[in-house]
file my_file.cif (mmCIF, C-alpha atoms and all ligand atoms)
data_coords
loop_
_atom_site.label_atom_id
_atom_site.label_comp_id
_atom_site.auth_asym_id
_atom_site.auth_seq_id
_atom_site.Cartn_x
_atom_site.Cartn_y
_atom_site.Cartn_z
CA MET A 85 0.00 0.00 0.00
CA GLY A 86 1.24 3.50 -0.82
CA ILE A 87 0.69 6.79 0.96
CA LYS A 88 -1.13 9.65 -0.70
CA VAL A 89 -1.80 13.13 0.62
CA ALA A 90 -4.76 15.04 -0.81
CA LYS A 91 -5.20 18.78 -0.67
CA PHE A 92 -8.59 20.19 -1.61
CA GLY A 93 -8.87 23.83 -2.66
CA GLY A 94 -11.65 26.20 -1.64
CA SER A 95 -13.82 25.60 -4.70
CA SER A 96 -13.56 21.85 -4.05
CA LEU A 97 -15.14 22.36 -0.62
CA ALA A 98 -17.49 25.24 -1.33
CA ASP A 99 -20.74 23.43 -0.45
CA ALA A 100 -22.23 20.12 0.71
CA GLU A 101 -22.29 18.68 -2.81
CA HIS A 102 -18.53 19.20 -3.07
CA PHE A 103 -17.98 17.63 0.35
CA ARG A 104 -19.75 14.54 -1.03
CA ARG A 105 -17.45 14.48 -4.05
CA VAL A 106 -14.42 14.80 -1.80
CA LYS A 107 -15.60 11.89 0.33
CA ALA A 108 -16.14 9.73 -2.76
CA ILE A 109 -12.61 10.52 -3.97
CA ILE A 110 -11.02 9.75 -0.60
CA GLU A 111 -13.01 6.59 0.02
CA GLY A 112 -12.37 5.43 -3.54
CA ASP A 113 -8.63 5.06 -2.92
CA ALA A 114 -7.36 3.38 0.25
CA ASP A 115 -3.92 4.98 -0.22
CA TYR A 116 -5.21 8.37 0.90
CA CYS A 117 -3.97 8.86 4.46
CA TYR A 118 -3.96 12.62 4.99
CA VAL A 119 -6.30 15.33 3.75
CA VAL A 120 -5.54 19.05 3.80
CA PRO A 121 -8.58 21.29 3.23
CA SER A 122 -8.79 24.98 2.32
CA ALA A 123 -11.64 27.14 3.59
CA PRO A 124 -14.87 27.08 1.55
CA GLY A 125 -14.37 29.14 -1.60
CA LYS A 126 -16.75 30.68 -4.10
CA ARG A 127 -19.81 28.68 -5.23
CA PHE A 128 -20.40 31.05 -8.15
CA ASP A 129 -18.62 34.08 -9.62
CA ALA A 130 -20.21 36.75 -7.44
CA ASP A 131 -19.94 34.66 -4.26
CA GLU A 132 -17.60 35.51 -1.37
CA LYS A 133 -14.72 33.36 -0.14
CA ILE A 134 -14.88 32.51 3.56
CA THR A 135 -11.28 33.72 4.00
CA ASP A 136 -12.19 37.15 2.58
CA LEU A 137 -15.18 37.37 4.93
CA LEU A 138 -12.98 36.47 7.89
CA TYR A 139 -10.53 39.26 7.05
CA GLN A 140 -13.52 41.61 6.85
CA CYS A 141 -14.65 40.44 10.33
CA HIS A 142 -11.21 41.27 11.68
CA ARG A 143 -11.27 44.75 10.14
CA GLN A 144 -14.62 45.44 11.81
CA VAL A 145 -13.24 44.32 15.17
CA GLU A 146 -10.20 46.51 14.74
CA ARG A 147 -12.36 49.53 14.02
CA GLY A 148 -14.25 48.81 17.25
CA GLN A 149 -17.36 47.85 15.29
CA SER A 150 -19.48 44.72 15.41
CA HIS A 151 -18.45 41.89 13.11
CA GLU A 152 -21.65 39.94 13.73
CA GLU A 153 -23.41 40.76 10.50
CA ILE A 154 -20.48 39.52 8.41
CA PHE A 155 -19.90 36.53 10.64
CA ALA A 156 -23.56 35.55 10.14
CA LYS A 157 -22.79 34.98 6.44
CA ILE A 158 -19.90 32.69 7.41
CA ALA A 159 -22.06 30.82 9.93
CA ASP A 160 -24.75 30.30 7.27
CA ARG A 161 -22.29 28.64 4.91
CA TYR A 162 -21.00 26.17 7.52
CA MET A 163 -24.47 25.51 8.94
CA SER A 164 -25.94 24.66 5.56
CA ILE A 165 -23.08 22.23 4.82
CA ALA A 166 -23.47 20.61 8.25
CA ARG A 167 -27.25 20.34 7.87
CA GLU A 168 -27.13 18.78 4.43
CA LEU A 169 -24.47 16.28 5.45
CA HIS A 170 -26.17 15.49 8.79
CA LEU A 171 -22.98 16.14 10.73
CA ASP A 172 -23.55 15.21 14.33
CA PHE A 173 -21.39 17.54 16.36
CA ASP A 174 -22.02 20.95 17.88
CA VAL A 175 -21.42 23.08 14.75
CA GLU A 176 -23.27 26.03 16.29
CA GLY A 177 -21.02 25.87 19.35
CA MET A 178 -17.91 25.85 17.13
CA LEU A 179 -19.16 28.92 15.25
CA LEU A 180 -20.06 30.84 18.42
CA GLU A 181 -16.69 30.10 19.96
CA THR A 182 -14.89 31.17 16.76
CA SER A 183 -16.80 34.44 16.48
CA GLU A 184 -16.01 35.27 20.08
CA ALA A 185 -12.31 34.40 19.67
CA ILE A 186 -12.02 36.64 16.59
CA ARG A 187 -13.38 39.51 18.67
CA ARG A 188 -11.15 38.75 21.65
CA TYR A 189 -7.79 38.10 19.90
CA LYS A 190 -7.96 41.00 17.39
CA ASN A 191 -5.42 39.13 15.25
CA PRO A 192 -5.85 39.07 11.45
CA ASP A 193 -3.97 35.80 10.99
CA PHE A 194 -6.00 34.10 13.67
CA ALA A 195 -9.26 35.34 12.11
CA ALA A 196 -8.26 34.23 8.59
CA SER A 197 -7.08 30.81 9.77
CA ARG A 198 -10.49 29.93 11.19
CA GLY A 199 -11.84 29.19 7.70
CA GLU A 200 -9.49 26.22 7.31
CA TYR A 201 -9.73 25.29 11.00
CA MET A 202 -13.53 24.96 10.96
CA ASN A 203 -13.54 23.25 7.56
CA GLY A 204 -10.97 20.77 8.86
CA ILE A 205 -13.16 19.91 11.83
CA MET A 206 -16.21 19.53 9.57
CA LEU A 207 -14.36 17.30 7.10
CA SER A 208 -12.76 15.11 9.78
CA ASN A 209 -16.21 14.59 11.26
CA TYR A 210 -17.71 13.78 7.86
CA LEU A 211 -14.93 11.31 6.95
CA GLY A 212 -14.72 9.89 10.47
CA TRP A 213 -10.99 10.66 10.54
CA ASP A 214 -8.77 12.23 13.23
CA PHE A 215 -8.20 15.99 13.28
CA ILE A 216 -4.70 17.44 13.74
CA ASP A 217 -4.66 21.19 14.38
CA ALA A 218 -2.09 22.85 12.10
CA GLN A 219 -1.32 25.25 14.95
CA ASP A 220 0.46 22.35 16.71
CA VAL A 221 2.40 20.96 13.75
CA ILE A 222 3.28 23.80 11.35
CA LYS A 223 5.99 26.02 12.83
CA PHE A 224 7.21 29.53 12.05
CA ASP A 225 10.15 31.26 13.68
CA ARG A 226 9.77 34.51 15.63
CA GLN A 227 10.19 36.57 12.47
CA GLY A 228 7.41 34.66 10.77
CA SER A 229 9.62 32.62 8.41
CA PHE A 230 8.51 29.05 7.91
CA ALA A 231 10.66 26.67 10.01
CA ALA A 232 10.91 23.75 7.59
CA GLU A 233 13.06 21.29 9.54
CA TRP A 234 11.42 21.91 12.90
CA THR A 235 8.00 21.45 11.28
CA ASN A 236 9.10 18.27 9.53
CA GLU A 237 10.16 16.71 12.83
CA VAL A 238 7.06 17.74 14.75
CA MET A 239 4.72 16.83 11.90
CA ALA A 240 6.31 13.40 11.26
CA GLU A 241 5.98 12.60 14.96
CA ALA A 242 2.31 13.63 15.03
CA LEU A 243 1.47 11.64 11.89
CA LYS A 244 2.84 8.46 13.51
CA ASN A 245 -0.03 8.59 15.99
CA HIS A 246 -2.67 9.24 13.34
CA PRO A 247 -2.67 6.84 10.40
CA ARG A 248 -5.52 8.84 8.81
CA ALA A 249 -6.11 12.48 9.59
CA VAL A 250 -7.36 15.83 8.38
CA ILE A 251 -4.92 18.74 8.81
CA PRO A 252 -6.24 22.21 7.92
CA GLY A 253 -4.21 24.21 5.42
CA PHE A 254 -2.87 27.78 5.38
CA TYR A 255 -1.74 28.32 8.98
CA GLY A 256 0.61 27.29 11.77
CA SER A 257 2.06 29.03 14.78
CA TYR A 258 4.93 31.15 16.10
CA PRO A 259 7.17 29.67 18.83
CA ASN A 260 4.88 31.31 21.43
CA GLY A 261 1.88 29.46 19.99
CA ASP A 262 0.15 32.42 18.31
CA VAL A 263 -1.39 31.63 14.95
CA HIS A 264 0.45 32.73 11.80
CA THR A 265 -0.63 32.15 8.19
CA PHE A 266 1.20 31.59 4.93
CA SER A 267 0.42 34.05 2.13
CA ARG A 268 -2.91 33.69 0.29
CA GLY A 269 -3.42 30.32 -1.34
CA GLY A 270 -1.10 28.82 1.28
CA SER A 271 -3.02 25.55 1.79
CA ASP A 272 -1.02 24.26 -1.19
CA ILE A 273 2.10 24.71 0.94
CA THR A 274 0.58 22.83 3.88
CA GLY A 275 -0.25 19.92 1.57
CA ALA A 276 3.33 19.80 0.35
CA ILE A 277 4.69 19.93 3.92
CA VAL A 278 2.42 17.10 5.05
CA SER A 279 3.48 15.05 2.00
CA ARG A 280 7.13 15.46 2.91
CA ALA A 281 6.59 14.53 6.57
CA ALA A 282 4.43 11.53 5.62
CA LYS A 283 7.03 10.41 3.03
CA ALA A 284 4.13 10.23 0.62
CA ASP A 285 4.35 8.50 -2.74
CA VAL A 286 2.41 11.31 -4.31
CA TYR A 287 0.91 14.68 -3.34
CA VAL A 288 -2.47 15.04 -5.02
CA ASN A 289 -3.59 18.64 -5.28
CA TRP A 290 -7.33 18.68 -6.05
CA THR A 291 -8.58 21.88 -7.60
CA ASP A 292 -11.17 23.04 -10.15
CA VAL A 293 -9.15 22.58 -13.35
CA SER A 294 -7.87 19.38 -14.94
CA GLY A 295 -4.23 20.37 -14.60
CA PHE A 296 -1.81 22.87 -16.08
CA MET A 297 -2.66 24.14 -19.54
CA MET A 298 0.05 24.57 -22.17
CA ALA A 299 -0.92 28.25 -22.40
CA ASP A 300 -3.25 30.68 -20.67
CA PRO A 301 -6.79 29.75 -21.85
CA ARG A 302 -7.81 33.42 -21.71
CA ILE A 303 -5.36 34.04 -24.55
CA VAL A 304 -5.08 30.77 -26.47
CA LYS A 305 -8.35 28.98 -27.25
CA ASN A 306 -8.66 25.45 -25.79
CA PRO A 307 -5.01 24.85 -24.99
CA LYS A 308 -4.00 21.27 -24.30
CA VAL A 309 -3.43 20.07 -20.75
CA ILE A 310 0.18 19.30 -19.84
CA ARG A 311 0.12 15.65 -18.84
CA GLU A 312 3.59 15.59 -17.34
CA LEU A 313 6.24 18.17 -16.52
CA SER A 314 9.29 18.47 -14.33
CA TYR A 315 9.60 20.67 -11.24
CA ALA A 316 12.20 22.74 -13.12
CA GLU A 317 9.76 23.38 -15.98
CA LEU A 318 7.02 24.20 -13.50
CA ARG A 319 9.28 26.74 -11.85
CA GLU A 320 9.96 28.45 -15.20
CA LEU A 321 6.29 28.53 -16.15
CA SER A 322 5.11 29.75 -12.73
CA TYR A 323 7.72 32.45 -12.66
CA MET A 324 6.32 33.70 -15.95
CA GLY A 325 2.78 33.84 -14.66
CA ALA A 326 1.21 30.40 -14.95
CA THR A 327 -0.64 29.97 -11.67
CA VAL A 328 -2.23 26.77 -10.45
CA LEU A 329 -0.05 25.94 -7.49
CA HIS A 330 1.37 28.30 -4.84
CA GLU A 331 5.04 28.91 -5.67
CA ASP A 332 6.23 27.90 -2.20
CA ALA A 333 4.44 24.55 -2.46
CA ILE A 334 7.08 23.27 -4.83
CA PHE A 335 10.07 23.25 -2.51
CA PRO A 336 9.04 20.69 0.18
CA VAL A 337 7.95 18.02 -2.29
CA HIS A 338 10.71 18.69 -4.79
CA LYS A 339 13.28 18.36 -2.04
CA ALA A 340 11.77 15.08 -0.89
CA GLY A 341 11.49 13.71 -4.45
CA ILE A 342 7.70 13.41 -4.24
CA PRO A 343 5.64 13.94 -7.41
CA THR A 344 2.66 16.30 -7.38
CA ASN A 345 -0.50 15.46 -9.27
CA ILE A 346 -2.90 18.31 -10.10
CA ARG A 347 -6.46 16.94 -10.39
CA ASN A 348 -9.97 18.26 -10.88
CA THR A 349 -12.54 17.53 -8.13
CA ASN A 350 -15.32 18.14 -10.67
CA ALA A 351 -13.84 15.67 -13.18
CA PRO A 352 -12.08 13.11 -10.98
CA GLU A 353 -11.61 10.68 -13.86
CA ASP A 354 -9.24 13.13 -15.63
CA PRO A 355 -5.61 12.18 -14.94
CA GLY A 356 -4.62 15.85 -14.60
CA THR A 357 -1.00 16.98 -14.63
CA MET A 358 1.84 15.00 -13.05
CA ILE A 359 4.83 17.01 -11.88
CA ARG A 360 7.92 14.85 -11.46
CA MET A 361 11.60 15.26 -10.71
CA GLN A 362 12.36 14.30 -14.29
CA THR A 363 10.22 13.56 -17.28
CA THR A 364 10.61 11.54 -20.42
CA ARG A 365 9.04 12.98 -23.52
CA ARG A 366 7.43 10.65 -26.00
CA ASP A 367 8.05 11.29 -29.69
CA ASP A 368 4.39 12.05 -30.34
CA GLN A 369 4.37 14.87 -27.77
CA PRO A 370 5.15 18.52 -28.59
CA VAL A 371 8.77 19.57 -28.19
CA ILE A 372 7.70 22.31 -25.82
CA THR A 373 5.95 21.81 -22.50
CA GLY A 374 4.22 25.16 -22.16
CA ILE A 375 4.18 28.87 -22.89
CA ALA A 376 3.69 31.61 -20.33
CA GLY A 377 4.02 35.35 -20.45
CA HIS A 378 3.92 38.56 -18.54
CA LYS A 379 3.33 42.16 -19.54
CA ASN A 380 4.76 45.44 -18.29
CA PHE A 381 8.51 45.35 -18.49
CA THR A 382 11.01 48.01 -19.46
CA LEU A 383 14.12 47.36 -21.53
CA LEU A 384 17.21 49.48 -20.84
CA SER A 385 19.60 49.16 -23.77
CA ILE A 386 23.03 50.51 -22.97
CA GLU A 387 25.62 50.97 -25.67
CA LYS A 388 29.30 51.83 -25.46
CA ALA A 389 32.09 51.25 -27.95
CA MET A 390 34.62 48.68 -26.71
CA MET A 391 32.35 47.74 -23.81
CA ASN A 392 33.57 44.16 -23.98
CA ALA A 393 37.09 45.27 -23.05
CA GLU A 394 36.09 47.58 -20.22
CA LEU A 395 36.61 45.96 -16.85
CA GLY A 396 33.71 46.28 -14.40
CA PHE A 397 31.19 47.82 -16.82
CA GLY A 398 28.49 45.22 -16.14
CA ARG A 399 29.07 45.38 -12.44
CA ARG A 400 28.63 49.15 -12.40
CA VAL A 401 25.33 48.92 -14.30
CA LEU A 402 24.02 46.34 -11.87
CA GLN A 403 25.40 48.29 -8.90
CA ALA A 404 23.25 51.24 -9.93
CA LEU A 405 20.19 49.00 -9.78
CA GLU A 406 21.20 47.50 -6.45
CA ASP A 407 21.82 50.92 -4.94
CA PHE A 408 18.22 51.84 -5.64
CA GLY A 409 16.86 48.48 -4.46
CA VAL A 410 15.79 47.34 -7.94
CA SER A 411 16.11 43.74 -9.08
CA PHE A 412 16.32 42.82 -12.75
CA GLU A 413 14.70 39.96 -14.65
CA HIS A 414 17.01 39.33 -17.61
CA LEU A 415 20.35 40.46 -18.87
CA PRO A 416 20.95 39.77 -22.55
CA THR A 417 24.29 41.18 -23.74
CA GLY A 418 26.00 41.85 -27.05
CA ILE A 419 29.58 42.88 -27.85
CA ASP A 420 29.13 46.60 -27.25
CA THR A 421 25.61 46.50 -25.83
CA MET A 422 24.04 45.38 -22.64
CA SER A 423 20.30 45.22 -22.09
CA VAL A 424 18.58 44.98 -18.76
CA VAL A 425 14.95 43.92 -18.48
CA ILE A 426 13.19 45.27 -15.42
CA ALA A 427 9.57 44.96 -14.27
CA ASP A 428 7.80 48.34 -14.55
CA LYS A 429 6.62 48.20 -10.95
CA GLU A 430 10.25 48.15 -9.81
CA LEU A 431 11.03 51.31 -11.74
CA VAL A 432 8.04 53.50 -10.97
CA THR A 433 9.69 56.06 -8.73
CA ARG A 434 13.36 55.38 -9.40
CA LYS A 435 13.83 55.35 -13.16
CA ASP A 436 15.39 58.80 -13.56
CA GLN A 437 17.78 58.35 -10.66
CA ILE A 438 18.98 55.00 -11.97
CA ILE A 439 19.59 56.37 -15.46
CA GLN A 440 21.50 59.28 -14.00
CA ARG A 441 23.64 56.93 -11.93
CA ILE A 442 24.45 54.72 -14.94
CA GLN A 443 25.39 57.84 -16.94
CA GLN A 444 27.76 58.90 -14.17
CA THR A 445 29.43 55.60 -13.39
CA CYS A 446 29.48 53.96 -16.84
CA GLN A 447 29.56 56.90 -19.26
CA PRO A 448 27.84 54.98 -22.04
CA ASP A 449 27.47 56.27 -25.61
CA SER A 450 23.71 55.88 -25.33
CA ILE A 451 20.95 54.55 -23.15
CA GLU A 452 17.66 53.70 -24.76
CA ILE A 453 14.61 53.13 -22.57
CA SER A 454 11.77 51.10 -24.05
CA ALA A 455 8.68 50.72 -21.88
CA GLY A 456 5.67 48.61 -22.84
CA ILE A 457 7.51 45.32 -23.25
CA ALA A 458 5.95 41.89 -22.75
CA LEU A 459 7.95 38.72 -22.16
CA ILE A 460 6.97 35.28 -23.38
CA ALA A 461 8.75 32.16 -22.19
CA THR A 462 8.60 29.01 -24.27
CA VAL A 463 9.57 26.18 -21.94
CA GLY A 464 10.44 22.51 -22.32
CA HIS A 465 13.31 20.10 -21.67
CA GLY A 466 12.68 18.69 -25.14
CA MET A 467 13.90 21.91 -26.75
CA SER A 468 17.54 21.38 -25.88
CA ARG A 469 17.72 18.13 -27.84
CA THR A 470 15.70 19.21 -30.85
CA PRO A 471 17.45 21.17 -33.59
CA GLY A 472 15.32 23.82 -35.21
CA THR A 473 13.27 24.72 -32.14
CA ALA A 474 14.48 28.32 -32.02
CA ALA A 475 14.08 28.64 -35.79
CA LYS A 476 10.47 27.46 -35.53
CA LEU A 477 9.76 29.91 -32.73
CA PHE A 478 11.25 32.91 -34.52
CA MET A 479 9.68 31.94 -37.84
CA ALA A 480 6.26 31.79 -36.17
CA LEU A 481 6.73 35.29 -34.80
CA TYR A 482 8.03 36.59 -38.12
CA GLU A 483 5.04 35.14 -39.99
CA ALA A 484 2.66 36.70 -37.45
CA GLY A 485 4.31 40.10 -38.01
CA VAL A 486 5.68 40.31 -34.47
CA ASN A 487 8.89 42.25 -33.98
CA ILE A 488 11.24 40.66 -31.44
CA ARG A 489 12.87 43.22 -29.16
CA MET A 490 14.95 40.87 -27.05
CA ILE A 491 15.95 37.19 -26.93
CA ASP A 492 17.23 35.31 -23.91
CA GLN A 493 17.93 31.60 -23.86
CA GLY A 494 18.46 30.22 -20.37
CA SER A 495 21.69 28.27 -19.93
CA SER A 496 19.68 25.12 -19.21
CA GLU A 497 18.39 25.36 -22.80
CA MET A 498 14.89 24.57 -21.63
CA ASN A 499 13.61 28.09 -21.96
CA ILE A 500 13.66 30.72 -24.69
CA ILE A 501 12.35 34.10 -23.61
CA VAL A 502 11.43 36.75 -26.14
CA GLY A 503 10.65 40.39 -25.40
CA ILE A 504 8.03 41.95 -27.67
CA ASN A 505 5.80 45.02 -27.70
CA ILE A 506 2.78 44.68 -25.39
CA GLU A 507 0.34 45.15 -28.32
CA ASP A 508 1.71 41.96 -29.91
CA PHE A 509 1.30 39.82 -26.78
CA GLU A 510 -1.84 37.88 -27.75
CA THR A 511 -0.76 37.44 -31.38
CA ALA A 512 2.65 36.16 -30.34
CA MET A 513 1.30 33.69 -27.76
CA ASN A 514 -1.07 32.20 -30.31
CA ALA A 515 1.56 32.09 -33.04
CA ILE A 516 4.02 30.20 -30.83
CA TYR A 517 1.35 27.80 -29.59
CA ARG A 518 0.14 26.98 -33.10
CA ALA A 519 3.70 26.48 -34.36
CA PHE A 520 4.43 23.79 -31.79
CA VAL A 521 1.11 22.17 -31.00
CA LYS A 522 -0.94 20.32 -33.56
CA ASP A 523 -4.67 19.93 -32.83
N1 LIG B 1 -8.10 30.13 2.30
C1 LIG B 1 -6.85 30.74 2.01
C2 LIG B 1 -7.01 31.74 0.88
O1 LIG B 1 -8.12 31.99 0.43
C3 LIG B 1 -5.78 29.74 1.73
C4 LIG B 1 -6.06 28.78 0.61
O2 LIG B 1 -7.19 28.68 0.13
O3 LIG B 1 -5.14 28.09 0.18
O4 LIG B 1 -6.05 32.31 0.45
#
call {"tool": "encode", "arguments": {"input": "my_file.cif", "output": "structure tokens"}}
result
Amino acid sequence: MGIKVAKFGGSSLADAEHFRRVKAIIEGDADYCYVVPSAPGKRFDADEKITDLLYQCHRQVERGQSHEEIFAKIADRYMSIARELHLDFDVEGMLLETSEAIRRYKNPDFAASRGEYMNGIMLSNYLGWDFIDAQDVIKFDRQGSFAAEWTNEVMAEALKNHPRAVIPGFYGSYPNGDVHTFSRGGSDITGAIVSRAAKADVYVNWTDVSGFMMADPRIVKNPKVIRELSYAELRELSYMGATVLHEDAIFPVHKAGIPTNIRNTNAPEDPGTMIRMQTTRRDDQPVITGIAGHKNFTLLSIEKAMMNAELGFGRRVLQALEDFGVSFEHLPTGIDTMSVVIADKELVTRKDQIIQRIQQTCQPDSIEISAGIALIATVGHGMSRTPGTAAKLFMALYEAGVNIRMIDQGSSEMNIIVGINIEDFETAMNAIYRAFVKD
């Protein structure tokens, strides 16, 4: 028998019907040993997430106003789930106690964490499984940084005593016991941490999509699902804006060599996406794994004759950025040119000062500033072994009439990034997708 850890996102636990689906999934596979729930999410577009309502409750309390009206909406959601599922424990008591504690503690993290806490209690009751409070087993240091090794020890010890348990996502505690949360969407991280401590064979992350798409479906129509990708490819795609999994959820499982499977609670028969340490591409699969992109970058192109022979030139350019607390994204260089790609948000208030500093310390022949740049990353291990990949990519952009402003190929050869004008973003994404993926 293997060990599986399942994490269910907010939309997978938004109402009683979804609780039933979750139970069917868990009971349909005896390998599931640990379940990590989020707080109930949206049931429809205009609905409110429980976590958002809890933050609102806290804001009311902080202003010295009553949070009861907002908390009543939260209570309604839990009560209707409990009623429909015939849960036989004191749900009303749990809600009253929670509302009172939010008022008393005046702590935003505590308030927000109660969504997962109460959902965990409900789900453990419904499944008939033990409940482990994340406050006891997920540890942060005094500064609020996640204490990975300490948590792993404490968690592994706790799991030994509970062969099957529900552990709420999103929160843990400081050394003094006070509740602290991860950033939003942090239940993904809890699932990964539990998987590591349980030495799971696989971490199954149940959500409301059937895995990672090869491109953003808002831009490319009906993109294919990525069946398999490596953690390194996932990192490249997430960095460029593909979001399904919280970024910090990768580290614990990657480190422990545990694969992550993204699955859809609403279509449990779909195999979803498998993220592994390494992947093997079949010949009938596209050479690329996925495409992701981001808008709003600025390109600084710095030119100086004989730059290649001038000692310390690059360092002085980067020093100017560092001095103003700006980090850069890419650094493509030529013989007498150096380009720096920087996210617009980094530059907002500091652009003029940085340019001035570069003028002073580097004395370039020219500096050209191009705002309105979008970056598109074409990612895939397969690219490094397939001649003609770059040619295909650039030909596709040429044929679509897209002017390439910058090219950067990562040293791992699994990523080619192009910088283009923002207006060409959609056209370029579609052109690249169509060039590599056959229907
Ligand atoms: N409930 C939290 C949020 O809405 C954490 C999570 O769902 O993962 O961000």
call {"tool": "closest_atom_pairs", "arguments": {"input": "my_file.cif", "of": "chain A", "to": "ligand LIG 1 (chain B)", "cutoff": "12 Å", "atoms": "all atoms listed in the file", "output": "Markdown table"}}
result
| residue | atom | partner | partner_atom | distance |
| --- | --- | --- | --- | --- |
| A:Lys91 | CA | B:LIG1 | O3 | 9.3 |
| A:Phe92 | CA | B:LIG1 | O2 | 8.8 |
| A:Gly93 | CA | B:LIG1 | O2 | 5.8 |
| A:Gly94 | CA | B:LIG1 | O2 | 5.4 |
| A:Ser95 | CA | B:LIG1 | O2 | 8.8 |
| A:Ser96 | CA | B:LIG1 | O2 | 10.2 |
| A:Leu97 | CA | B:LIG1 | O2 | 10.2 |
| A:Ala98 | CA | B:LIG1 | O2 | 11.0 |
| A:Val120 | CA | B:LIG1 | O3 | 9.7 |
| A:Pro121 | CA | B:LIG1 | O2 | 8.1 |
| A:Ser122 | CA | B:LIG1 | O2 | 4.6 |
| A:Ala123 | CA | B:LIG1 | N1 | 4.8 |
| A:Pro124 | CA | B:LIG1 | N1 | 7.5 |
| A:Gly125 | CA | B:LIG1 | O1 | 7.2 |
| A:Lys126 | CA | B:LIG1 | O1 | 9.8 |
| A:Glu132 | CA | B:LIG1 | O1 | 10.3 |
| A:Lys133 | CA | B:LIG1 | O1 | 6.8 |
| A:Ile134 | CA | B:LIG1 | N1 | 7.3 |
| A:Thr135 | CA | B:LIG1 | O1 | 5.1 |
| A:Asp136 | CA | B:LIG1 | O1 | 6.9 |
| A:Leu137 | CA | B:LIG1 | O1 | 10.0 |
| A:Leu138 | CA | B:LIG1 | N1 | 9.8 |
| A:Tyr139 | CA | B:LIG1 | O1 | 10.1 |
| A:Asp193 | CA | B:LIG1 | C1 | 10.7 |
| A:Ala195 | CA | B:LIG1 | N1 | 11.2 |
| A:Ala196 | CA | B:LIG1 | N1 | 7.5 |
| A:Ser197 | CA | B:LIG1 | N1 | 7.6 |
| A:Arg198 | CA | B:LIG1 | N1 | 9.2 |
| A:Gly199 | CA | B:LIG1 | N1 | 6.6 |
| A:Glu200 | CA | B:LIG1 | N1 | 6.5 |
| A:Tyr201 | CA | B:LIG1 | N1 | 10.1 |
| A:Met202 | CA | B:LIG1 | N1 | 11.5 |
| A:Asn203 | CA | B:LIG1 | N1 | 10.2 |
| A:Gly204 | CA | B:LIG1 | N1 | 11.8 |
| A:Pro252 | CA | B:LIG1 | C3 | 9.8 |
| A:Gly253 | CA | B:LIG1 | O3 | 6.6 |
| A:Phe254 | CA | B:LIG1 | C3 | 5.1 |
| A:Tyr255 | CA | B:LIG1 | C3 | 8.4 |
| A:Thr265 | CA | B:LIG1 | C3 | 8.6 |
| A:Phe266 | CA | B:LIG1 | C3 | 7.9 |
| A:Ser267 | CA | B:LIG1 | O4 | 6.9 |
| A:Arg268 | CA | B:LIG1 | O4 | 3.4 |
| A:Gly269 | CA | B:LIG1 | O3 | 3.2 |
| A:Gly270 | CA | B:LIG1 | O3 | 4.3 |
| A:Ser271 | CA | B:LIG1 | O3 | 3.7 |
| A:Asp272 | CA | B:LIG1 | O3 | 5.8 |
| A:Ile273 | CA | B:LIG1 | O3 | 8.0 |
| A:Thr274 | CA | B:LIG1 | O3 | 8.6 |
| A:Gly275 | CA | B:LIG1 | O3 | 9.6 |
| A:Ala276 | CA | B:LIG1 | O3 | 11.9 |
| A:Asn289 | CA | B:LIG1 | O3 | 11.0 |
| A:Trp290 | CA | B:LIG1 | O3 | 11.5 |
| A:Thr291 | CA | B:LIG1 | O2 | 10.4 |
| A:Val328 | CA | B:LIG1 | O3 | 11.1 |
| A:Leu329 | CA | B:LIG1 | O3 | 9.5 |
| A:His330 | CA | B:LIG1 | O3 | 8.2 |
| A:Glu331 | CA | B:LIG1 | O3 | 11.8 |
| A:Asp332 | CA | B:LIG1 | O3 | 11.6 |
| A:Ala333 | CA | B:LIG1 | O3 | 10.5 |
call {"tool": "closest_atom_pairs", "arguments": {"input": "my_file.cif", "of": "stretch 277-313 of chain A", "to": "stretch 457-474 of chain A", "cutoff": "12 Å", "atoms": "only C-alpha atoms", "output": "JSON lines"}}
result
{"residue": "A:Met298", "atom": "CA", "partner": "A:Val463", "partner_atom": "CA", "distance": 9.7}
{"residue": "A:Ala299", "atom": "CA", "partner": "A:Thr462", "partner_atom": "CA", "distance": 9.7}
{"residue": "A:Asp300", "atom": "CA", "partner": "A:Ile460", "partner_atom": "CA", "distance": 11.5}
{"residue": "A:Ile310", "atom": "CA", "partner": "A:Gly464", "partner_atom": "CA", "distance": 11.0}
{"residue": "A:Glu312", "atom": "CA", "partner": "A:Gly464", "partner_atom": "CA", "distance": 10.9}
{"residue": "A:Leu313", "atom": "CA", "partner": "A:Gly464", "partner_atom": "CA", "distance": 8.4}
call {"tool": "residues_around", "arguments": {"input": "my_file.cif", "residues": "A:Ser183", "least_positions_apart": "5", "cutoff": "10 Å", "atoms": "all atoms listed in the file", "output": "VMD selection string"}}
result
chain A and resid 138 141 151 to 152 155 to 156 158 to 159 177 to 178 188 195 198
call {"tool": "write_last_selection", "arguments": {"input": "my_file.cif", "atoms": "C-alpha atoms", "output": "JSON list (two decimals), in the frame of the given file"}}
result
[["chain", "number", "residue", "atom", "x", "y", "z"],
["A", 138, "LEU", "CA", -12.98, 36.47, 7.89],
["A", 141, "CYS", "CA", -14.65, 40.44, 10.33],
["A", 151, "HIS", "CA", -18.45, 41.89, 13.11],
["A", 152, "GLU", "CA", -21.65, 39.94, 13.73],
["A", 155, "PHE", "CA", -19.90, 36.53, 10.64],
["A", 156, "ALA", "CA", -23.56, 35.55, 10.14],
["A", 158, "ILE", "CA", -19.90, 32.69, 7.41],
["A", 159, "ALA", "CA", -22.06, 30.82, 9.93],
["A", 177, "GLY", "CA", -21.02, 25.87, 19.35],
["A", 178, "MET", "CA", -17.91, 25.85, 17.13],
["A", 188, "ARG", "CA", -11.15, 38.75, 21.65],
["A", 195, "ALA", "CA", -9.26, 35.34, 12.11],
["A", 198, "ARG", "CA", -10.49, 29.93, 11.19]]
